[in-house]
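Shown next: data.pdb, containing PDB, C-alpha atoms, pLDDT in the B column.
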ATOM      1  CA  MET P   1     102.015 106.693 132.542  1.00 44.00           C
ATOM      2  CA  ALA P   2     105.555  99.836 138.844  1.00 40.00           C
ATOM      3  CA  ALA P   3     108.046  97.857 138.686  1.00 38.00           C
ATOM      4  CA  LEU P   4     109.650  98.447 135.365  1.00 37.00           C
ATOM      5  CA  LYS P   5     110.430  95.423 133.287  1.00 38.00           C
ATOM      6  CA  PRO P   6     112.469  95.572 130.105  1.00 36.00           C
ATOM      7  CA  SER P   7     110.288  94.582 127.204  1.00 38.00           C
ATOM      8  CA  SER P   8     111.112  93.788 123.618  1.00 31.00           C
ATOM      9  CA  SER P   9     107.716  95.136 122.709  1.00 30.00           C
ATOM     10  CA  SER P  10     105.958  98.272 123.666  1.00 32.00           C
ATOM     11  CA  LEU P  11     102.663  99.953 123.415  1.00 37.00           C
ATOM     12  CA  LEU P  12     104.727 102.865 122.342  1.00 32.00           C
ATOM     13  CA  ARG P  13     107.010 101.182 119.985  1.00 28.00           C
ATOM     14  CA  SER P  14     106.491 100.771 116.298  1.00 27.00           C
ATOM     15  CA  SER P  15     107.931  98.093 114.041  1.00 25.00           C
ATOM     16  CA  SER P  16     110.522 100.621 112.914  1.00 25.00           C
ATOM     17  CA  LEU P  17     111.891 101.056 116.411  1.00 23.00           C
ATOM     18  CA  ALA P  18     115.617 101.665 116.414  1.00 23.00           C
ATOM     19  CA  PRO P  19     117.894  99.312 118.381  1.00 21.00           C
ATOM     20  CA  LEU P  20     118.622 102.127 120.842  1.00 24.00           C
ATOM     21  CA  PHE P  21     115.138 101.747 122.281  1.00 25.00           C
ATOM     22  CA  LYS P  22     114.776  97.985 122.244  1.00 27.00           C
ATOM     23  CA  SER P  23     116.147  97.598 125.752  1.00 30.00           C
ATOM     24  CA  THR P  24     114.522 100.751 127.100  1.00 43.00           C
ATOM     25  CA  PRO P  25     111.522 100.268 129.399  1.00 51.00           C
ATOM     26  CA  PRO P  26     108.645 101.949 127.555  1.00 56.00           C
ATOM     27  CA  SER P  27     105.771 103.770 129.133  1.00 70.00           C
ATOM     28  CA  PHE P  28     102.120 103.448 128.281  1.00 68.00           C
ATOM     29  CA  LEU P  29     100.723 106.945 128.521  1.00 65.00           C
ATOM     30  CA  ASN P  30      96.997 106.727 129.027  1.00 52.00           C
ATOM     31  CA  LEU P  31      95.261 110.067 128.698  1.00 40.00           C
ATOM     32  CA  THR P  32      92.190 110.869 130.694  1.00 33.00           C
ATOM     33  CA  LEU P  33      90.071 113.401 129.103  1.00 31.00           C
ATOM     34  CA  PRO P  34      91.185 116.036 128.525  1.00 29.00           C
ATOM     35  CA  ASN P  35      92.746 112.909 128.532  1.00 47.00           C
ATOM     36  CA  PHE P  36      90.296 110.363 128.611  1.00 53.00           C
ATOM     37  CA  PRO P  37      88.509 108.140 130.949  1.00 57.00           C
ATOM     38  CA  SER P  38      86.779 110.669 133.189  1.00 78.00           C
ATOM     39  CA  ARG P  39      83.014 110.469 133.274  1.00 84.00           C
ATOM     40  CA  ASP P  40      82.487 114.138 132.412  1.00 73.00           C
ATOM     41  CA  PHE P  41      84.062 113.543 128.980  1.00 77.00           C
ATOM     42  CA  ILE P  42      82.630 110.130 128.182  1.00 80.00           C
ATOM     43  CA  GLU P  43      79.199 109.534 129.646  1.00 81.00           C
ATOM     44  CA  ASP P  44      75.887 110.743 128.246  1.00 83.00           C
ATOM     45  CA  GLY P  45      74.998 114.022 129.871  1.00 83.00           C
ATOM     46  CA  GLY P  46      78.605 114.807 130.753  1.00 83.00           C
ATOM     47  CA  PRO P  47      79.326 118.536 130.452  1.00 80.00           C
ATOM     48  CA  MET P  48      82.399 117.885 128.271  1.00 80.00           C
ATOM     49  CA  LYS P  49      81.203 114.791 126.434  1.00 85.00           C
ATOM     50  CA  VAL P  50      83.236 113.769 123.379  1.00 84.00           C
ATOM     51  CA  ASN P  51      80.886 112.018 120.977  1.00 88.00           C
ATOM     52  CA  GLY P  52      83.369 109.358 119.912  1.00 86.00           C
ATOM     53  CA  GLY P  53      84.685 108.692 123.400  1.00 87.00           C
ATOM     54  CA  LYS P  54      82.375 105.946 124.621  1.00 88.00           C
ATOM     55  CA  ASP P  55      83.036 103.760 121.583  1.00 92.00           C
ATOM     56  CA  ILE P  56      86.777 103.492 122.282  1.00 93.00           C
ATOM     57  CA  VAL P  57      86.530 102.581 125.974  1.00 91.00           C
ATOM     58  CA  PRO P  58      86.783  98.801 125.289  1.00 94.00           C
ATOM     59  CA  ASN P  59      89.939  99.350 123.228  1.00 94.00           C
ATOM     60  CA  VAL P  60      91.519 101.498 125.933  1.00 92.00           C
ATOM     61  CA  ILE P  61      90.770  98.767 128.476  1.00 93.00           C
ATOM     62  CA  LYS P  62      92.375  96.174 126.192  1.00 94.00           C
ATOM     63  CA  ALA P  63      95.409  98.354 125.510  1.00 92.00           C
ATOM     64  CA  VAL P  64      96.022  98.754 129.229  1.00 91.00           C
ATOM     65  CA  GLU P  65      95.732  94.991 129.706  1.00 92.00           C
ATOM     66  CA  VAL P  66      98.289  94.365 126.963  1.00 92.00           C
ATOM     67  CA  ALA P  67     100.628  96.977 128.430  1.00 90.00           C
ATOM     68  CA  ARG P  68     100.546  95.352 131.851  1.00 90.00           C
ATOM     69  CA  LEU P  69     101.169  91.904 130.386  1.00 89.00           C
ATOM     70  CA  ARG P  70     104.239  93.278 128.647  1.00 89.00           C
ATOM     71  CA  GLY P  71     105.577  94.871 131.815  1.00 85.00           C
ATOM     72  CA  ILE P  72     105.016  98.384 130.483  1.00 88.00           C
ATOM     73  CA  LEU P  73     104.561 101.199 132.966  1.00 90.00           C
ATOM     74  CA  VAL P  74     101.011 102.579 132.810  1.00 90.00           C
ATOM     75  CA  VAL P  75     100.642 106.285 133.523  1.00 92.00           C
ATOM     76  CA  TRP P  76      97.116 107.589 134.059  1.00 92.00           C
ATOM     77  CA  VAL P  77      97.030 111.269 133.147  1.00 92.00           C
ATOM     78  CA  VAL P  78      93.873 112.745 134.627  1.00 91.00           C
ATOM     79  CA  ARG P  79      92.313 116.169 134.752  1.00 91.00           C
ATOM     80  CA  GLU P  80      91.281 117.353 138.190  1.00 94.00           C
ATOM     81  CA  HIS P  81      90.389 120.966 138.889  1.00 95.00           C
ATOM     82  CA  ASP P  82      89.916 123.155 141.891  1.00 96.00           C
ATOM     83  CA  PRO P  83      86.144 123.184 142.571  1.00 95.00           C
ATOM     84  CA  LEU P  84      86.161 126.974 142.193  1.00 94.00           C
ATOM     85  CA  GLY P  85      87.880 126.757 138.815  1.00 95.00           C
ATOM     86  CA  ARG P  86      90.910 128.763 139.858  1.00 95.00           C
ATOM     87  CA  ASP P  87      93.309 126.495 137.962  1.00 96.00           C
ATOM     88  CA  VAL P  88      91.250 125.996 134.794  1.00 96.00           C
ATOM     89  CA  GLU P  89      91.771 127.762 131.454  1.00 96.00           C
ATOM     90  CA  LEU P  90      90.227 131.207 131.318  1.00 96.00           C
ATOM     91  CA  PHE P  91      87.821 130.262 128.533  1.00 95.00           C
ATOM     92  CA  ARG P  92      86.267 127.569 130.761  1.00 94.00           C
ATOM     93  CA  ARG P  93      85.994 129.434 134.051  1.00 94.00           C
ATOM     94  CA  HIS P  94      82.355 130.313 133.489  1.00 94.00           C
ATOM     95  CA  LEU P  95      81.596 126.603 133.963  1.00 94.00           C
ATOM     96  CA  TYR P  96      82.695 126.896 137.611  1.00 94.00           C
ATOM     97  CA  ALA P  97      80.343 129.666 138.689  1.00 88.00           C
ATOM     98  CA  ALA P  98      79.125 129.797 142.274  1.00 85.00           C
ATOM     99  CA  GLY P  99      76.828 126.890 143.070  1.00 81.00           C
ATOM    100  CA  LYS P 100      77.930 124.827 140.041  1.00 86.00           C
ATOM    101  CA  VAL P 101      80.120 121.730 140.035  1.00 92.00           C
ATOM    102  CA  GLY P 102      82.491 122.348 137.157  1.00 93.00           C
ATOM    103  CA  PRO P 103      83.872 119.625 134.854  1.00 93.00           C
ATOM    104  CA  THR P 104      86.316 117.192 136.507  1.00 93.00           C
ATOM    105  CA  SER P 105      86.265 119.096 139.796  1.00 93.00           C
ATOM    106  CA  LYS P 106      88.446 117.326 142.319  1.00 94.00           C
ATOM    107  CA  GLY P 107      86.407 114.829 144.338  1.00 92.00           C
ATOM    108  CA  SER P 108      83.392 114.948 142.016  1.00 93.00           C
ATOM    109  CA  ALA P 109      81.818 111.935 140.322  1.00 88.00           C
ATOM    110  CA  GLY P 110      82.626 113.480 136.952  1.00 86.00           C
ATOM    111  CA  ALA P 111      86.353 113.320 137.658  1.00 86.00           C
ATOM    112  CA  GLU P 112      86.256 109.553 138.212  1.00 89.00           C
ATOM    113  CA  LEU P 113      87.435 107.090 135.586  1.00 87.00           C
ATOM    114  CA  VAL P 114      84.703 105.404 133.573  1.00 87.00           C
ATOM    115  CA  ASP P 115      83.741 101.828 134.417  1.00 88.00           C
ATOM    116  CA  GLY P 116      86.344  99.286 133.382  1.00 90.00           C
ATOM    117  CA  LEU P 117      89.345 101.566 133.795  1.00 90.00           C
ATOM    118  CA  VAL P 118      91.097 100.941 137.080  1.00 91.00           C
ATOM    119  CA  ILE P 119      94.349 102.320 138.438  1.00 92.00           C
ATOM    120  CA  LYS P 120      96.207  99.344 139.890  1.00 93.00           C
ATOM    121  CA  GLU P 121      99.230  98.902 142.111  1.00 94.00           C
ATOM    122  CA  GLY P 122     102.333  99.667 140.101  1.00 89.00           C
ATOM    123  CA  ASP P 123     100.552 102.186 137.848  1.00 91.00           C
ATOM    124  CA  TYR P 124     101.242 105.896 138.186  1.00 91.00           C
ATOM    125  CA  LYS P 125      98.689 108.712 138.365  1.00 92.00           C
ATOM    126  CA  LEU P 126      99.534 112.197 137.136  1.00 93.00           C
ATOM    127  CA  VAL P 127      97.162 115.152 137.497  1.00 94.00           C
ATOM    128  CA  LYS P 128      97.144 117.894 134.879  1.00 94.00           C
ATOM    129  CA  THR P 129      95.133 121.084 134.391  1.00 96.00           C
ATOM    130  CA  ARG P 130      95.834 121.847 130.727  1.00 95.00           C
ATOM    131  CA  PHE P 131      95.600 119.978 127.418  1.00 94.00           C
ATOM    132  CA  SER P 132      99.174 118.680 127.302  1.00 95.00           C
ATOM    133  CA  ALA P 133     100.222 116.126 129.891  1.00 94.00           C
ATOM    134  CA  PHE P 134     103.653 117.794 129.890  1.00 96.00           C
ATOM    135  CA  PHE P 135     102.537 121.384 130.511  1.00 96.00           C
ATOM    136  CA  ALA P 136     103.249 122.532 134.079  1.00 97.00           C
ATOM    137  CA  THR P 137     103.583 118.923 135.331  1.00 96.00           C
ATOM    138  CA  HIS P 138     106.506 116.738 136.367  1.00 96.00           C
ATOM    139  CA  LEU P 139     105.775 114.106 133.691  1.00 95.00           C
ATOM    140  CA  HIS P 140     108.987 114.661 131.739  1.00 95.00           C
ATOM    141  CA  SER P 141     111.241 114.451 134.791  1.00 96.00           C
ATOM    142  CA  PHE P 142     109.343 111.386 136.026  1.00 93.00           C
ATOM    143  CA  LEU P 143     109.751 109.553 132.707  1.00 92.00           C
ATOM    144  CA  GLN P 144     113.395 110.567 132.382  1.00 91.00           C
ATOM    145  CA  GLY P 145     114.090 109.347 135.899  1.00 90.00           C
ATOM    146  CA  ALA P 146     112.538 106.003 134.993  1.00 87.00           C
ATOM    147  CA  GLY P 147     114.673 105.736 131.857  1.00 86.00           C
ATOM    148  CA  ILE P 148     111.678 105.899 129.533  1.00 90.00           C
ATOM    149  CA  ASN P 149     112.129 107.246 126.008  1.00 88.00           C
ATOM    150  CA  SER P 150     109.061 105.940 124.171  1.00 90.00           C
ATOM    151  CA  LEU P 151     105.344 106.512 124.629  1.00 93.00           C
ATOM    152  CA  VAL P 152     102.080 104.879 123.583  1.00 93.00           C
ATOM    153  CA  ILE P 153      99.057 107.130 123.907  1.00 94.00           C
ATOM    154  CA  THR P 154      95.308 106.480 124.084  1.00 93.00           C
ATOM    155  CA  GLY P 155      92.290 108.545 125.101  1.00 92.00           C
ATOM    156  CA  VAL P 156      90.376 111.664 124.126  1.00 90.00           C
ATOM    157  CA  GLN P 157      90.196 113.885 122.533  1.00 92.00           C
ATOM    158  CA  THR P 158      92.423 113.782 119.491  1.00 95.00           C
ATOM    159  CA  PRO P 159      92.701 117.505 118.585  1.00 96.00           C
ATOM    160  CA  ASN P 160      93.193 118.706 122.149  1.00 94.00           C
ATOM    161  CA  CYS P 161      94.854 116.571 124.827  1.00 93.00           C
ATOM    162  CA  ILE P 162      96.147 113.851 122.527  1.00 95.00           C
ATOM    163  CA  ARG P 163      97.616 116.167 119.915  1.00 96.00           C
ATOM    164  CA  GLN P 164      99.196 118.623 122.338  1.00 96.00           C
ATOM    165  CA  THR P 165     100.723 115.857 124.431  1.00 95.00           C
ATOM    166  CA  VAL P 166     102.072 114.186 121.288  1.00 96.00           C
ATOM    167  CA  PHE P 167     103.627 117.358 119.894  1.00 97.00           C
ATOM    168  CA  ASP P 168     105.274 118.084 123.249  1.00 97.00           C
ATOM    169  CA  ALA P 169     106.588 114.511 123.398  1.00 95.00           C
ATOM    170  CA  VAL P 170     108.098 114.866 119.928  1.00 97.00           C
ATOM    171  CA  ALA P 171     109.613 118.239 120.872  1.00 98.00           C
ATOM    172  CA  LEU P 172     111.186 116.588 123.918  1.00 97.00           C
ATOM    173  CA  ASP P 173     112.696 113.880 121.671  1.00 96.00           C
ATOM    174  CA  TYR P 174     110.693 110.885 122.862  1.00 93.00           C
ATOM    175  CA  GLN P 175     111.020 108.160 120.257  1.00 92.00           C
ATOM    176  CA  PRO P 176     109.028 106.410 119.165  1.00 91.00           C
ATOM    177  CA  VAL P 177     105.733 108.052 119.978  1.00 94.00           C
ATOM    178  CA  THR P 178     102.723 105.893 119.140  1.00 93.00           C
ATOM    179  CA  VAL P 179      99.036 106.840 119.102  1.00 95.00           C
ATOM    180  CA  ILE P 180      96.674 103.876 118.839  1.00 95.00           C
ATOM    181  CA  VAL P 181      94.245 105.065 116.208  1.00 96.00           C
ATOM    182  CA  ASP P 182      91.187 103.135 117.413  1.00 96.00           C
ATOM    183  CA  ALA P 183      91.860 103.775 121.101  1.00 94.00           C
ATOM    184  CA  THR P 184      91.673 107.542 120.629  1.00 94.00           C
ATOM    185  CA  ALA P 185      88.722 109.639 119.470  1.00 94.00           C
ATOM    186  CA  ALA P 186      87.344 113.066 118.712  1.00 94.00           C
ATOM    187  CA  ALA P 187      83.945 114.673 118.293  1.00 93.00           C
ATOM    188  CA  THR P 188      83.696 113.396 114.712  1.00 96.00           C
ATOM    189  CA  PRO P 189      85.556 110.808 112.617  1.00 97.00           C
ATOM    190  CA  ASP P 190      86.745 113.550 110.234  1.00 98.00           C
ATOM    191  CA  ILE P 191      88.319 115.576 113.036  1.00 98.00           C
ATOM    192  CA  HIS P 192      89.988 112.434 114.349  1.00 98.00           C
ATOM    193  CA  ALA P 193      91.349 111.461 110.940  1.00 98.00           C
ATOM    194  CA  ALA P 194      92.685 114.954 110.186  1.00 98.00           C
ATOM    195  CA  ASN P 195      94.613 115.092 113.453  1.00 98.00           C
ATOM    196  CA  MET P 196      95.946 111.569 113.074  1.00 98.00           C
ATOM    197  CA  PHE P 197      97.178 112.600 109.609  1.00 98.00           C
ATOM    198  CA  ASP P 198      99.047 115.570 111.074  1.00 98.00           C
ATOM    199  CA  MET P 199     100.652 113.463 113.800  1.00 98.00           C
ATOM    200  CA  LYS P 200     101.688 110.776 111.340  1.00 98.00           C
ATOM    201  CA  ASN P 201     103.423 113.478 109.298  1.00 98.00           C
ATOM    202  CA  ILE P 202     105.742 114.301 112.207  1.00 98.00           C
ATOM    203  CA  GLY P 203     106.852 110.701 112.595  1.00 98.00           C
ATOM    204  CA  VAL P 204     104.251 109.400 115.033  1.00 97.00           C
ATOM    205  CA  ALA P 205     103.226 105.756 114.604  1.00 95.00           C
ATOM    206  CA  THR P 206      99.449 105.266 114.261  1.00 97.00           C
ATOM    207  CA  PRO P 207      98.660 101.533 114.417  1.00 96.00           C
ATOM    208  CA  THR P 208      95.327  99.979 115.237  1.00 97.00           C
ATOM    209  CA  LEU P 209      95.016  98.210 118.569  1.00 96.00           C
ATOM    210  CA  GLN P 210      95.223  94.847 116.802  1.00 97.00           C
ATOM    211  CA  GLU P 211      98.359  95.850 114.906  1.00 97.00           C
ATOM    212  CA  TRP P 212     100.009  97.198 118.035  1.00 94.00           C
ATOM    213  CA  SER P 213      99.036  94.161 120.122  1.00 94.00           C
ATOM    214  CA  LYS P 214     100.547  91.788 117.569  1.00 92.00           C
ATOM    215  CA  SER P 215     103.697  93.809 116.933  1.00 85.00           C
ATOM    216  CA  GLU P 216     107.048  93.142 118.534  1.00 64.00           C
ATOM    217  CA  ALA P 217     106.999  96.611 120.033  1.00 55.00           C
TER     218      ALA P 217
END

Would you put the structure from the file into structure tokens?
Amino acid sequence: MAALKPSSSSLLRSSSLAPLFKSTPPSFLNLTLPNFPSRDFIEDGGPMKVNGGKDIVPNVIKAVEVARLRGILVVWVVREHDPLGRDVELFRRHLYAAGKVGPTSKGSAGAELVDGLVIKEGDYKLVKTRFSAFFATHLHSFLQGAGINSLVITGVQTPNCIRQTVFDAVALDYQPVTVIVDATAAATPDIHAANMFDMKNIGVATPTLQEWSKSEA
């Protein structure tokens, strides 16, 4: 989530992509934990660590590289919270008690992307405070203004930020929506697989990184 370049292939596009989207600049939507790459969700000792997160970092790095080579817009969706927790979900506010640095507090080390993930010139950074990248953000209007109709999504974790962003994207009629199965993760493989199954059942493409990288999309 830059100069936009039309691409016959897309991180977001599946092999079943309809002709309508073949000339549409796609967007690579990269979720930062609650989306993904932030240290608090990935590194050992992080207060929100997702057990499967560290293992997929190399694939997220590769997916971003492929997206840039294809001229696909990369959107980095990151969680950043008020240090006092005033914009965080109610069930997490106890983590921002006086004297504590809460998860992904703005300006904290935990809110930084993990090593290897770098926002470059031409990329776009979007800050969110809830699971879905579309909730209470300008993501939809930004993508519509850029003429983008298709999304490719990576990151963590599958049942929360990935799933809610995907379902909102489908509800908003983005097509195709692609989730790279081995560039996303959850706390356990079973949780990941169950959520991927649900997303596949609503028409979401779920290729591996290798399959997506070699596809025409």

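Here the PyMOL selection byres ((chain P and resi 93-102) around 12) catches exactly these residues: Asp40, Gly46, Pro47, Met48, Arg79, Glu80, His81, Asp82, Pro83, Leu84, Gly85, Arg86, Asp87, Val88, Glu89, Leu90, Phe91, Arg92, Pro103, Thr104, Ser105, Lys106, Gly107, Ser108, Ala109, Gly110 and Ala111 of chain P.
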
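Note that CA of Gln175 in chain P and CA of Ile56 in chain P are 24.8 Å apart.
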
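Within 6 Å of Thr178 in chain P, once all atoms listed in the file are used and residues closer than 5 positions along the same chain are dropped, the contacting residues are P:Leu12, P:Val152, P:Val204, P:Ala205, P:Thr206.
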
query: What gap, in Å, lies between CA of Glu65 in chain P and CA of Gly155 in chain P?
result: 14.7 Å

Chain and number of each residue from the PyMOL selection byres ((chain P and resi 142) around 12), as an NGL selection string: :P and (1 or 27 or 73 or 75 or 124-126 or 133-134 or 137-141 or 143-149)

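The shortest atom-to-atom distance to Gly53 in chain P, with all atoms listed in the file taken into account, belongs to P:Val156 out of P:Met196, P:Val156, P:Ile202, P:Leu69.
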
Applied to the shown file, which residues does the PyMOL selection byres ((chain P and resi 160) around 12) return, written as a PDB file with C-alpha atoms, keeping the file's coordinate frame?
ATOM      1  CA  LEU P  31      95.261 110.067 128.698  1.00 40.00           C
ATOM      2  CA  THR P  32      92.190 110.869 130.694  1.00 33.00           C
ATOM      3  CA  LEU P  33      90.071 113.401 129.103  1.00 31.00           C
ATOM      4  CA  PRO P  34      91.185 116.036 128.525  1.00 29.00           C
ATOM      5  CA  ASN P  35      92.746 112.909 128.532  1.00 47.00           C
ATOM      6  CA  PHE P  36      90.296 110.363 128.611  1.00 53.00           C
ATOM      7  CA  VAL P  50      83.236 113.769 123.379  1.00 84.00           C
ATOM      8  CA  ARG P 130      95.834 121.847 130.727  1.00 95.00           C
ATOM      9  CA  PHE P 131      95.600 119.978 127.418  1.00 94.00           C
ATOM     10  CA  SER P 132      99.174 118.680 127.302  1.00 95.00           C
ATOM     11  CA  ALA P 133     100.222 116.126 129.891  1.00 94.00           C
ATOM     12  CA  GLY P 155      92.290 108.545 125.101  1.00 92.00           C
ATOM     13  CA  VAL P 156      90.376 111.664 124.126  1.00 90.00           C
ATOM     14  CA  GLN P 157      90.196 113.885 122.533  1.00 92.00           C
ATOM     15  CA  THR P 158      92.423 113.782 119.491  1.00 95.00           C
ATOM     16  CA  PRO P 159      92.701 117.505 118.585  1.00 96.00           C
ATOM     17  CA  CYS P 161      94.854 116.571 124.827  1.00 93.00           C
ATOM     18  CA  ILE P 162      96.147 113.851 122.527  1.00 95.00           C
ATOM     19  CA  ARG P 163      97.616 116.167 119.915  1.00 96.00           C
ATOM     20  CA  GLN P 164      99.196 118.623 122.338  1.00 96.00           C
ATOM     21  CA  THR P 165     100.723 115.857 124.431  1.00 95.00           C
ATOM     22  CA  VAL P 166     102.072 114.186 121.288  1.00 96.00           C
ATOM     23  CA  PHE P 167     103.627 117.358 119.894  1.00 97.00           C
ATOM     24  CA  THR P 184      91.673 107.542 120.629  1.00 94.00           C
ATOM     25  CA  ALA P 185      88.722 109.639 119.470  1.00 94.00           C
ATOM     26  CA  ALA P 186      87.344 113.066 118.712  1.00 94.00           C
ATOM     27  CA  ALA P 187      83.945 114.673 118.293  1.00 93.00           C
ATOM     28  CA  ILE P 191      88.319 115.576 113.036  1.00 98.00           C
ATOM     29  CA  HIS P 192      89.988 112.434 114.349  1.00 98.00           C
ATOM     30  CA  ASN P 195      94.613 115.092 113.453  1.00 98.00           C
ATOM     31  CA  MET P 196      95.946 111.569 113.074  1.00 98.00           C
TER      32      MET P 196
END

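Taking CA of Val57 in chain P as the reference point, CA of Asp115 in chain P is found at 8.9 Å.
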
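Nearest to Ser215 in chain P of all the residues P:Lys200, P:Val66, P:Asp168, P:Asp190 is P:Val66, based on all atoms listed in the file.
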